[in-house]
>>> print(open('data.cif').read())   # mmCIF, C-alpha atoms and all ligand atoms
data_entry
#
loop_
_atom_site.label_atom_id
_atom_site.label_comp_id
_atom_site.auth_asym_id
_atom_site.auth_seq_id
_atom_site.Cartn_x
_atom_site.Cartn_y
_atom_site.Cartn_z
CA MET Q 1 -6.63 18.05 -17.28
CA LYS Q 2 -3.13 17.94 -15.87
CA LYS Q 3 -2.54 15.89 -12.71
CA LEU Q 4 -1.11 16.92 -9.37
CA LEU Q 5 -0.33 13.64 -7.60
CA PHE Q 6 -0.44 13.86 -3.79
CA VAL Q 7 1.56 11.00 -2.31
CA ASN Q 8 0.13 10.91 1.20
CA ALA Q 9 2.44 9.12 3.66
CA LEU Q 10 0.67 10.54 6.69
CA ALA Q 11 -0.10 8.10 9.49
CA ARG Q 12 -2.33 10.43 11.50
CA PRO Q 13 -5.69 11.74 10.29
CA LYS Q 14 -5.92 15.24 8.89
CA GLU Q 15 -7.72 16.50 12.01
CA VAL Q 16 -4.49 16.13 14.00
CA SER Q 17 -1.65 15.86 11.47
CA ARG Q 18 0.57 18.94 11.29
CA THR Q 19 2.16 17.69 8.05
CA TRP Q 20 -1.30 17.51 6.54
CA GLN Q 21 -1.69 21.24 7.25
CA LEU Q 22 1.39 21.95 5.11
CA CYS Q 23 0.13 19.64 2.36
CA ASP Q 24 -3.28 21.29 2.41
CA ALA Q 25 -1.73 24.79 2.17
CA TYR Q 26 0.47 23.71 -0.74
CA ILE Q 27 -2.27 21.91 -2.66
CA SER Q 28 -4.80 24.75 -2.23
CA SER Q 29 -2.31 27.36 -3.40
CA PHE Q 30 -1.08 25.16 -6.29
CA LEU Q 31 -4.59 24.49 -7.60
CA GLU Q 32 -5.48 28.15 -7.30
CA LYS Q 33 -2.39 29.15 -9.31
CA HIS Q 34 -2.83 26.31 -11.82
CA PRO Q 35 -6.53 25.82 -12.61
CA GLU Q 36 -5.60 23.43 -15.42
CA TYR Q 37 -4.63 20.84 -12.78
CA GLU Q 38 -6.74 18.35 -10.84
CA LEU Q 39 -5.71 16.53 -7.68
CA GLU Q 40 -5.13 12.80 -7.51
CA GLU Q 41 -4.41 11.55 -3.99
CA LEU Q 42 -2.67 8.30 -3.18
CA VAL Q 43 -3.00 7.43 0.52
CA LEU Q 44 -0.19 4.96 1.11
CA TYR Q 45 -1.57 3.48 4.33
CA GLU Q 46 -4.99 2.93 2.73
CA ARG Q 47 -3.52 1.47 -0.44
CA GLY Q 48 -1.65 -1.05 1.72
CA VAL Q 49 1.81 -0.35 0.31
CA ASN Q 50 4.16 -2.92 1.81
CA CYS Q 51 7.77 -4.00 1.52
CA TYR Q 52 8.19 -6.59 -1.27
CA SER Q 53 8.69 -10.23 -0.33
CA VAL Q 54 11.50 -12.15 -2.06
CA GLU Q 55 8.87 -13.86 -4.23
CA GLU Q 56 7.45 -10.50 -5.31
CA ILE Q 57 10.92 -9.13 -6.10
CA ASN Q 58 11.64 -12.18 -8.27
CA ARG Q 59 8.29 -11.91 -10.04
CA ARG Q 60 8.85 -8.22 -10.63
CA ALA Q 61 12.33 -8.80 -12.09
CA GLU Q 62 10.87 -11.39 -14.45
CA LEU Q 63 8.07 -9.04 -15.55
CA ILE Q 64 10.59 -6.26 -16.22
CA ALA Q 65 12.92 -8.62 -18.11
CA ASN Q 66 9.97 -9.62 -20.31
CA LYS Q 67 8.72 -6.01 -20.60
CA LYS Q 68 5.33 -6.98 -19.15
CA TYR Q 69 4.65 -3.50 -17.91
CA ASP Q 70 0.86 -3.86 -17.92
CA ASP Q 71 0.92 -6.00 -14.75
CA PRO Q 72 -1.03 -4.36 -11.86
CA MET Q 73 2.22 -4.49 -9.86
CA PHE Q 74 3.30 -1.47 -11.90
CA ASP Q 75 0.15 0.64 -11.49
CA MET Q 76 1.76 3.04 -8.99
CA ALA Q 77 4.86 3.40 -11.18
CA TRP Q 78 2.71 4.38 -14.19
CA GLN Q 79 0.77 6.81 -11.99
CA PHE Q 80 4.03 8.41 -10.79
CA ALA Q 81 5.53 8.48 -14.30
CA GLY Q 82 2.45 10.18 -15.76
CA ALA Q 83 1.87 12.84 -13.08
CA ASP Q 84 2.47 16.41 -14.26
CA ALA Q 85 3.36 17.55 -10.74
CA ILE Q 86 3.91 15.65 -7.49
CA VAL Q 87 3.67 16.56 -3.82
CA VAL Q 88 4.85 14.11 -1.19
CA GLY Q 89 3.77 14.63 2.43
CA ALA Q 90 5.41 12.61 5.21
CA PRO Q 91 6.12 13.18 8.90
CA TYR Q 92 9.74 13.15 10.09
CA TRP Q 93 10.15 9.72 11.67
CA ASP Q 94 13.31 8.21 13.09
CA LEU Q 95 15.58 10.59 11.19
CA SER Q 96 13.77 10.23 7.86
CA PHE Q 97 10.15 9.23 7.14
CA PRO Q 98 7.72 6.31 7.66
CA ALA Q 99 8.80 3.01 6.08
CA VAL Q 100 5.66 3.03 3.93
CA LEU Q 101 7.24 5.83 1.86
CA LYS Q 102 10.40 3.78 1.23
CA ALA Q 103 8.19 0.87 0.15
CA TYR Q 104 6.44 3.28 -2.23
CA VAL Q 105 9.75 4.46 -3.69
CA GLU Q 106 10.67 0.81 -4.28
CA ALA Q 107 7.36 0.30 -6.05
CA VAL Q 108 7.80 3.29 -8.38
CA CYS Q 109 11.48 2.87 -9.27
CA VAL Q 110 10.83 0.61 -12.26
CA ASN Q 111 13.37 0.31 -15.04
CA GLY Q 112 11.44 0.97 -18.25
CA ILE Q 113 8.63 3.02 -16.66
CA THR Q 114 9.96 5.78 -14.40
CA PHE Q 115 13.62 5.54 -15.50
CA HIS Q 116 15.81 3.62 -17.89
CA TYR Q 117 19.47 3.09 -18.62
CA THR Q 118 21.30 4.67 -21.52
CA ALA Q 119 24.94 4.36 -22.57
CA SER Q 120 25.73 7.23 -20.21
CA GLY Q 121 23.85 5.92 -17.16
CA ALA Q 122 20.37 6.12 -15.67
CA GLU Q 123 17.88 8.63 -17.06
CA GLY Q 124 14.57 9.66 -15.48
CA LEU Q 125 11.47 9.10 -17.62
CA SER Q 126 8.87 10.59 -15.29
CA LYS Q 127 6.96 13.58 -16.57
CA PHE Q 128 6.64 15.80 -13.47
CA SER Q 129 7.65 19.43 -13.84
CA THR Q 130 7.94 19.85 -10.06
CA MET Q 131 8.17 17.50 -7.13
CA VAL Q 132 7.67 18.95 -3.67
CA TYR Q 133 8.48 17.23 -0.36
CA LEU Q 134 6.74 18.46 2.80
CA THR Q 135 7.44 17.32 6.34
CA THR Q 136 7.11 18.29 10.00
CA SER Q 137 9.12 17.12 12.98
CA GLY Q 138 9.15 17.10 16.76
CA GLY Q 139 12.75 18.23 17.16
CA ASN Q 140 15.02 20.71 15.40
CA ASN Q 141 16.21 18.67 12.46
CA GLY Q 142 17.27 21.17 9.84
CA ASP Q 143 20.82 19.75 9.87
CA LYS Q 144 19.65 16.11 9.65
CA LYS Q 145 17.17 16.19 6.81
CA PHE Q 146 17.99 12.74 5.49
CA GLY Q 147 14.41 12.07 4.35
CA ALA Q 148 14.19 15.28 2.33
CA ASP Q 149 17.70 14.78 0.88
CA TYR Q 150 16.79 11.23 -0.12
CA MET Q 151 13.56 12.36 -1.79
CA GLU Q 152 15.54 15.01 -3.68
CA ALA Q 153 17.82 12.27 -5.01
CA VAL Q 154 14.77 10.18 -5.95
CA ALA Q 155 13.32 13.15 -7.86
CA HIS Q 156 16.56 13.61 -9.82
CA PHE Q 157 16.78 9.86 -10.46
CA LEU Q 158 13.24 9.50 -11.80
CA GLY Q 159 12.69 12.77 -13.64
CA LYS Q 160 14.08 16.03 -14.93
CA GLY Q 161 11.66 18.34 -13.13
CA GLU Q 162 12.43 20.78 -10.37
CA TYR Q 163 12.61 19.57 -6.74
CA LYS Q 164 11.44 21.78 -3.85
CA GLU Q 165 10.92 21.16 -0.14
CA ALA Q 166 9.59 22.81 2.99
CA ALA Q 167 9.39 21.77 6.62
CA ALA Q 168 8.18 22.84 10.04
CA TYR Q 169 10.66 21.67 12.68
CA GLY Q 170 10.55 21.67 16.45
CA LEU Q 171 6.82 21.13 16.88
CA ASP Q 172 7.18 18.88 19.95
CA ILE Q 173 9.78 21.01 21.75
CA ILE Q 174 8.33 22.20 25.02
CA GLY Q 175 7.82 25.96 24.99
CA ASN Q 176 7.93 26.31 21.19
CA ASP Q 177 5.16 28.39 19.67
CA VAL Q 178 3.76 25.65 17.46
CA GLU Q 179 1.06 27.77 15.85
CA THR Q 180 3.57 30.44 14.79
CA ILE Q 181 6.04 27.86 13.40
CA LEU Q 182 3.23 26.21 11.44
CA ALA Q 183 1.85 29.52 10.19
CA ARG Q 184 5.33 30.51 8.89
CA ALA Q 185 5.78 27.13 7.22
CA LYS Q 186 2.34 27.35 5.58
CA GLU Q 187 3.24 30.77 4.23
CA GLU Q 188 6.51 29.39 2.81
CA VAL Q 189 4.70 26.40 1.33
CA SER Q 190 2.11 28.59 -0.37
CA SER Q 191 4.84 30.50 -2.16
CA LEU Q 192 6.72 27.43 -3.43
C1 LIG Q 201 7.13 6.90 15.12
C2 LIG Q 201 7.55 8.33 15.28
C3 LIG Q 201 8.87 8.67 15.07
C4 LIG Q 201 9.29 9.99 15.20
N1 LIG Q 201 10.62 10.30 15.00
C5 LIG Q 201 11.04 11.57 15.16
C6 LIG Q 201 12.41 11.91 14.98
O1 LIG Q 201 13.28 11.08 14.69
N2 LIG Q 201 12.79 13.20 15.15
C7 LIG Q 201 11.86 14.17 15.46
O2 LIG Q 201 12.25 15.33 15.57
N3 LIG Q 201 10.56 13.89 15.63
C8 LIG Q 201 10.11 12.62 15.48
N4 LIG Q 201 8.79 12.31 15.64
C9 LIG Q 201 7.82 13.41 15.89
C10 LIG Q 201 7.09 13.80 14.60
O3 LIG Q 201 8.00 14.08 13.57
C11 LIG Q 201 6.23 15.06 14.78
O4 LIG Q 201 5.36 14.93 15.86
C12 LIG Q 201 5.49 15.38 13.48
O5 LIG Q 201 5.00 16.70 13.53
C13 LIG Q 201 4.34 14.42 13.26
O6 LIG Q 201 3.67 14.76 12.07
P1 LIG Q 201 2.09 14.65 11.95
O7 LIG Q 201 1.50 15.65 12.92
O8 LIG Q 201 1.81 15.00 10.54
O9 LIG Q 201 1.72 13.24 12.29
C14 LIG Q 201 8.36 11.00 15.55
C15 LIG Q 201 7.00 10.64 15.75
C16 LIG Q 201 6.61 9.32 15.62
C17 LIG Q 201 5.16 8.95 15.87
#
>>> encode(input="data.cif", output="structure tokens")
Amino acid sequence: MKKLLFVNALARPKEVSRTWQLCDAYISSFLEKHPEYELEELVLYERGVNCYSVEEINRRAELIANKKYDDPMFDMAWQFAGADAIVVGAPYWDLSFPAVLKAYVEAVCVNGITFHYTASGAEGLSKFSTMVYLTTSGGNNGDKKFGADYMEAVAHFLGKGEYKEAAAYGLDIIGNDVETILARAKEEVSSL
């Protein structure tokens, strides 16, 4: 079966996470439209994805230089490279997203697995046909979507598939009708 990889960068459990509601709506609708796919979920906080130490960076550079791509350090990069479709869910934190997602991006940007260099520059090697980024925020952040813009650049760096995004903004603004905003966003997400 084909794989839909859900990169879960959600800090709060699904019972309370609004971003999870968007992810759930997207995944349900995607699997319904594409029965040839199965879901593979990577929960970044459970996996214990952390920023590399200097020692780890040096070890990684040595492994790449020697083309030792079977090291477990590259497991997440192979998983990303081989996914047929990807959905990333992350709350809007401090103008972008939780640091665990940046650590994940560092882990999957591996020269020789998810991208490589040619005479004309970097070329994405990842297989995904679509990568979707879903987020929710407390304030109105449509004009400061640095996290989504960054993930779009990551998608274009690592693959040739289509990038799509959706968000529900303003969920912590006093007086906002949170249920209606979320319902609209879920509708949008289901039609992505
Ligand atoms: C550590 C932290 C940082 C946040 N930073 C921002 C921010 O910069 N801008 C904003 O509008 N909301 C911010 N929020 C609010 C969240 O984006 C918002 O509550 C979001 O819906 C949480 O998603 P969740 O329900 O999936 O956990 C922050 C929340 C937390 C806990």
>>> closest_atom_pairs(input="data.cif", of="chain Q", to="ligand LIG 201 (chain Q)", cutoff="8 Å", atoms="all atoms listed in the file", output="tab-separated table")
residue	atom	partner	partner_atom	distance
Q:Leu10	CA	Q:LIG201	O8	6.0
Q:Ala11	CA	Q:LIG201	O9	6.1
Q:Arg12	CA	Q:LIG201	O9	5.0
Q:Pro13	CA	Q:LIG201	O9	7.8
Q:Lys14	CA	Q:LIG201	O8	7.9
Q:Val16	CA	Q:LIG201	O7	6.1
Q:Ser17	CA	Q:LIG201	O7	3.5
Q:Arg18	CA	Q:LIG201	O7	3.8
Q:Thr19	CA	Q:LIG201	O8	3.7
Q:Trp20	CA	Q:LIG201	O8	5.7
Q:Gln21	CA	Q:LIG201	O8	7.9
Q:Ala90	CA	Q:LIG201	O8	6.9
Q:Pro91	CA	Q:LIG201	O6	4.3
Q:Tyr92	CA	Q:LIG201	O3	4.0
Q:Trp93	CA	Q:LIG201	N1	3.4
Q:Asp94	CA	Q:LIG201	O1	3.3
Q:Leu95	CA	Q:LIG201	O1	4.2
Q:Ser96	CA	Q:LIG201	O1	6.9
Q:Phe97	CA	Q:LIG201	N1	7.9
Q:Pro98	CA	Q:LIG201	C1	7.5
Q:Thr135	CA	Q:LIG201	O6	7.3
Q:Thr136	CA	Q:LIG201	O5	4.4
Q:Ser137	CA	Q:LIG201	O3	3.3
Q:Gly138	CA	Q:LIG201	N3	3.7
Q:Gly139	CA	Q:LIG201	O2	3.3
Q:Asn140	CA	Q:LIG201	O2	6.1
Q:Asn141	CA	Q:LIG201	O2	6.0
Q:Ala168	CA	Q:LIG201	O5	7.7
Q:Tyr169	CA	Q:LIG201	O2	7.1
Q:Gly170	CA	Q:LIG201	O2	6.6
Q:Leu171	CA	Q:LIG201	O5	5.8
Q:Asp172	CA	Q:LIG201	O4	6.0
>>> residues_around(input="data.cif", residues="Q:Tyr52", least_positions_apart="4", cutoff="12 Å", atoms="only C-alpha atoms", output="ChimeraX atom specification")
/Q:48,56-61,73,100,102-107
>>> atom_distance(input="data.cif", atom1="atom CA of Q:Phe115", atom2="atom CA of Q:Met76")
13.8 Å
>>> axis_aligned_box(input="data.cif", around="stretch 176-181 of chain Q", padding_each_side="8 Å", output="JSON")
{"center_x": 4.5, "center_y": 28.0, "center_z": 17.3, "size_x": 22.9, "size_y": 20.8, "size_z": 23.8}
>>> atom_distance(input="data.cif", atom1="atom CA of Q:Phe80", atom2="atom CA of Q:Glu40")
10.7 Å
>>> closest_residue(input="data.cif", among="Q:Ala9, Q:Ala155, Q:Ala99, Q:Ile181", to="Q:Leu125", atoms="all atoms listed in the file")
Q:Ala155
>>> atom_distance(input="data.cif", atom1="atom CA of Q:Cys51", atom2="atom CA of Q:Ile86")
22.0 Å
>>> residues_around(input="data.cif", residues="Q:Val189", least_positions_apart="2", cutoff="12 Å", atoms="all atoms listed in the file", output="number ranges by chain")
Q: 19-30, 87, 89, 132-135, 164-168, 182-187, 191-192
>>> write_last_selection(input="data.cif", atoms="C-alpha atoms", output="mmCIF file, keeping the file's coordinate frame")
data_model
loop_
_atom_site.group_PDB
_atom_site.id
_atom_site.type_symbol
_atom_site.label_atom_id
_atom_site.label_comp_id
_atom_site.auth_asym_id
_atom_site.auth_seq_id
_atom_site.Cartn_x
_atom_site.Cartn_y
_atom_site.Cartn_z
ATOM 1 C CA THR Q 19 2.160 17.690 8.050
ATOM 2 C CA TRP Q 20 -1.300 17.510 6.540
ATOM 3 C CA GLN Q 21 -1.690 21.240 7.250
ATOM 4 C CA LEU Q 22 1.390 21.950 5.110
ATOM 5 C CA CYS Q 23 0.130 19.640 2.360
ATOM 6 C CA ASP Q 24 -3.280 21.290 2.410
ATOM 7 C CA ALA Q 25 -1.730 24.790 2.170
ATOM 8 C CA TYR Q 26 0.470 23.710 -0.740
ATOM 9 C CA ILE Q 27 -2.270 21.910 -2.660
ATOM 10 C CA SER Q 28 -4.800 24.750 -2.230
ATOM 11 C CA SER Q 29 -2.310 27.360 -3.400
ATOM 12 C CA PHE Q 30 -1.080 25.160 -6.290
ATOM 13 C CA VAL Q 87 3.670 16.560 -3.820
ATOM 14 C CA GLY Q 89 3.770 14.630 2.430
ATOM 15 C CA VAL Q 132 7.670 18.950 -3.670
ATOM 16 C CA TYR Q 133 8.480 17.230 -0.360
ATOM 17 C CA LEU Q 134 6.740 18.460 2.800
ATOM 18 C CA THR Q 135 7.440 17.320 6.340
ATOM 19 C CA LYS Q 164 11.440 21.780 -3.850
ATOM 20 C CA GLU Q 165 10.920 21.160 -0.140
ATOM 21 C CA ALA Q 166 9.590 22.810 2.990
ATOM 22 C CA ALA Q 167 9.390 21.770 6.620
ATOM 23 C CA ALA Q 168 8.180 22.840 10.040
ATOM 24 C CA LEU Q 182 3.230 26.210 11.440
ATOM 25 C CA ALA Q 183 1.850 29.520 10.190
ATOM 26 C CA ARG Q 184 5.330 30.510 8.890
ATOM 27 C CA ALA Q 185 5.780 27.130 7.220
ATOM 28 C CA LYS Q 186 2.340 27.350 5.580
ATOM 29 C CA GLU Q 187 3.240 30.770 4.230
ATOM 30 C CA SER Q 191 4.840 30.500 -2.160
ATOM 31 C CA LEU Q 192 6.720 27.430 -3.430
#
>>> closest_residue(input="data.cif", among="Q:Leu101, Q:Asp177, Q:Ser126, Q:Glu152", to="Q:Asn50", atoms="only C-alpha atoms")
Q:Leu101
>>> closest_residue(input="data.cif", among="Q:Leu158, Q:Ala77, Q:Ala85, Q:Glu15", to="Q:Tyr117", atoms="all atoms listed in the file")
Q:Leu158
>>> closest_residue(input="data.cif", among="Q:Gly112, Q:Thr180, Q:Leu5, Q:Glu123", to="Q:Asn66", atoms="all atoms listed in the file")
Q:Gly112
>>> closest_residue(input="data.cif", among="Q:Leu44, Q:Lys160, Q:Asn111, Q:Thr118", to="Q:Glu62", atoms="all atoms listed in the file")
Q:Asn111
>>> closest_residue(input="data.cif", among="Q:His34, Q:Lys67, Q:Lys144, Q:Arg47", to="Q:Lys2", atoms="all atoms listed in the file")
Q:His34
>>> decode(input="data.cif", residues="stretch 104-120 of chain Q", atoms="N, CA and C atoms", output="short mmCIF file (atom, residue, chain, number, x, y, z; two decimals), in the first residue's frame")
data_model
loop_
_atom_site.label_atom_id
_atom_site.label_comp_id
_atom_site.auth_asym_id
_atom_site.auth_seq_id
_atom_site.Cartn_x
_atom_site.Cartn_y
_atom_site.Cartn_z
N TYR Q 104 13.26 18.08 13.59
CA TYR Q 104 12.86 17.03 12.64
C TYR Q 104 13.35 17.37 11.23
N VAL Q 105 13.15 18.64 10.83
CA VAL Q 105 13.60 19.05 9.49
C VAL Q 105 15.11 18.83 9.36
N GLU Q 106 15.85 19.17 10.43
CA GLU Q 106 17.30 18.92 10.41
C GLU Q 106 17.60 17.44 10.22
N ALA Q 107 16.79 16.61 10.86
CA ALA Q 107 17.04 15.16 10.80
C ALA Q 107 16.73 14.59 9.41
N VAL Q 108 15.77 15.21 8.70
CA VAL Q 108 15.39 14.62 7.40
C VAL Q 108 16.10 15.26 6.20
N CYS Q 109 16.72 16.40 6.41
CA CYS Q 109 17.47 17.02 5.29
C CYS Q 109 18.83 16.34 5.20
N VAL Q 110 18.89 15.23 4.51
CA VAL Q 110 20.14 14.46 4.43
C VAL Q 110 20.57 14.36 2.96
N ASN Q 111 21.72 14.92 2.70
CA ASN Q 111 22.29 14.88 1.35
C ASN Q 111 22.54 13.42 0.96
N GLY Q 112 21.87 12.97 -0.09
CA GLY Q 112 22.03 11.58 -0.53
C GLY Q 112 20.79 10.74 -0.23
N ILE Q 113 19.89 11.26 0.64
CA ILE Q 113 18.65 10.52 0.93
C ILE Q 113 17.43 11.32 0.47
N THR Q 114 17.24 12.49 1.06
CA THR Q 114 16.04 13.28 0.71
C THR Q 114 16.34 14.33 -0.38
N PHE Q 115 17.62 14.64 -0.56
CA PHE Q 115 18.02 15.56 -1.64
C PHE Q 115 19.46 15.24 -2.02
N HIS Q 116 19.89 15.79 -3.14
CA HIS Q 116 21.30 15.70 -3.48
C HIS Q 116 21.68 16.92 -4.33
N TYR Q 117 22.95 17.04 -4.60
CA TYR Q 117 23.41 18.15 -5.41
C TYR Q 117 23.73 17.67 -6.82
N THR Q 118 23.34 18.47 -7.79
CA THR Q 118 23.70 18.20 -9.18
C THR Q 118 24.53 19.40 -9.66
N ALA Q 119 24.92 19.38 -10.92
CA ALA Q 119 25.71 20.50 -11.45
C ALA Q 119 24.91 21.80 -11.42
N SER Q 120 23.57 21.67 -11.40
CA SER Q 120 22.77 22.90 -11.42
C SER Q 120 22.19 23.26 -10.04
#
